[in-house]
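Everything on this sheet refers to the single structure shown next.
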Amino acid sequence: EELEITTVVDRIGTGDAYAAGLIYGLQNFDDKKALEFANAACALKHTILGDANLVSVEEVLEVMQGSTGGRIKR
């Protein structure tokens, strides 16, 4: 499923976030859900400045479940 990112903060590290999300997803979910996890992790990384994807598994799962309002809970 496509996730639209309207405000990109930083593109650096998004490929790494996707790869890490896919590895985590393949270890914990079926193939389809693993791809969805990687896609959500990558989308969230676009909203974070710097090279590290500073999000939790729970935040990625929320995006996968349709919570795309952009509010960060920290």
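Ordered as shown in the structure tokens, chains take letters A, B, and onward, while each chain numbers its residues from 1 and ligands are numbered from 1 in the order shown.
By chain and then residue number, the residues within 9 Å of Leu44 in chain A are Ile5, Thr14, Ala17, Asn39, Asn53, Leu54, Val55, Glu59, Val60 and Val63 of chain A, counting only C-alpha atoms and disregarding those fewer than 5 positions away in sequence.
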Output file for the selection above: C-alpha atoms, as a tab-separated table (two decimals), in the first residue's frame:
```tsv
chain	number	residue	atom	x	y	z
A	5	ILE	CA	4.54	11.79	2.63
A	14	THR	CA	15.49	6.08	4.26
A	17	ALA	CA	15.26	2.27	7.36
A	39	ASN	CA	7.27	0.60	3.90
A	53	ASN	CA	15.30	6.12	12.28
A	54	LEU	CA	14.28	7.06	15.81
A	55	VAL	CA	10.90	5.34	15.91
A	59	GLU	CA	4.92	3.63	15.98
A	60	VAL	CA	5.58	1.67	12.79
A	63	VAL	CA	1.24	3.62	10.62
```
Item to complete: List the neighbours of Ala19 in chain A out to 12 Å using only C-alpha atoms; skip same-chain residues closer than 2 positions along the sequence, and give me the result as a list in words.
Response: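 The residues satisfying every condition are Gly13, Thr14, Gly15, Asp16, Ala17, Gly21, Leu22, Ile23, Tyr24, Gly25, Leu26, Ala34, Leu35, Glu36, Phe37, Ala38, Asn39, Ala40, Ala41, Cys42, Lys45 and Asn53 of chain A.
For the set A:Arg11, A:Thr6, A:Asp31, A:Glu1, the residue with the smallest atom-to-atom gap to His46 in chain A is A:Arg11, counting only C-alpha atoms.
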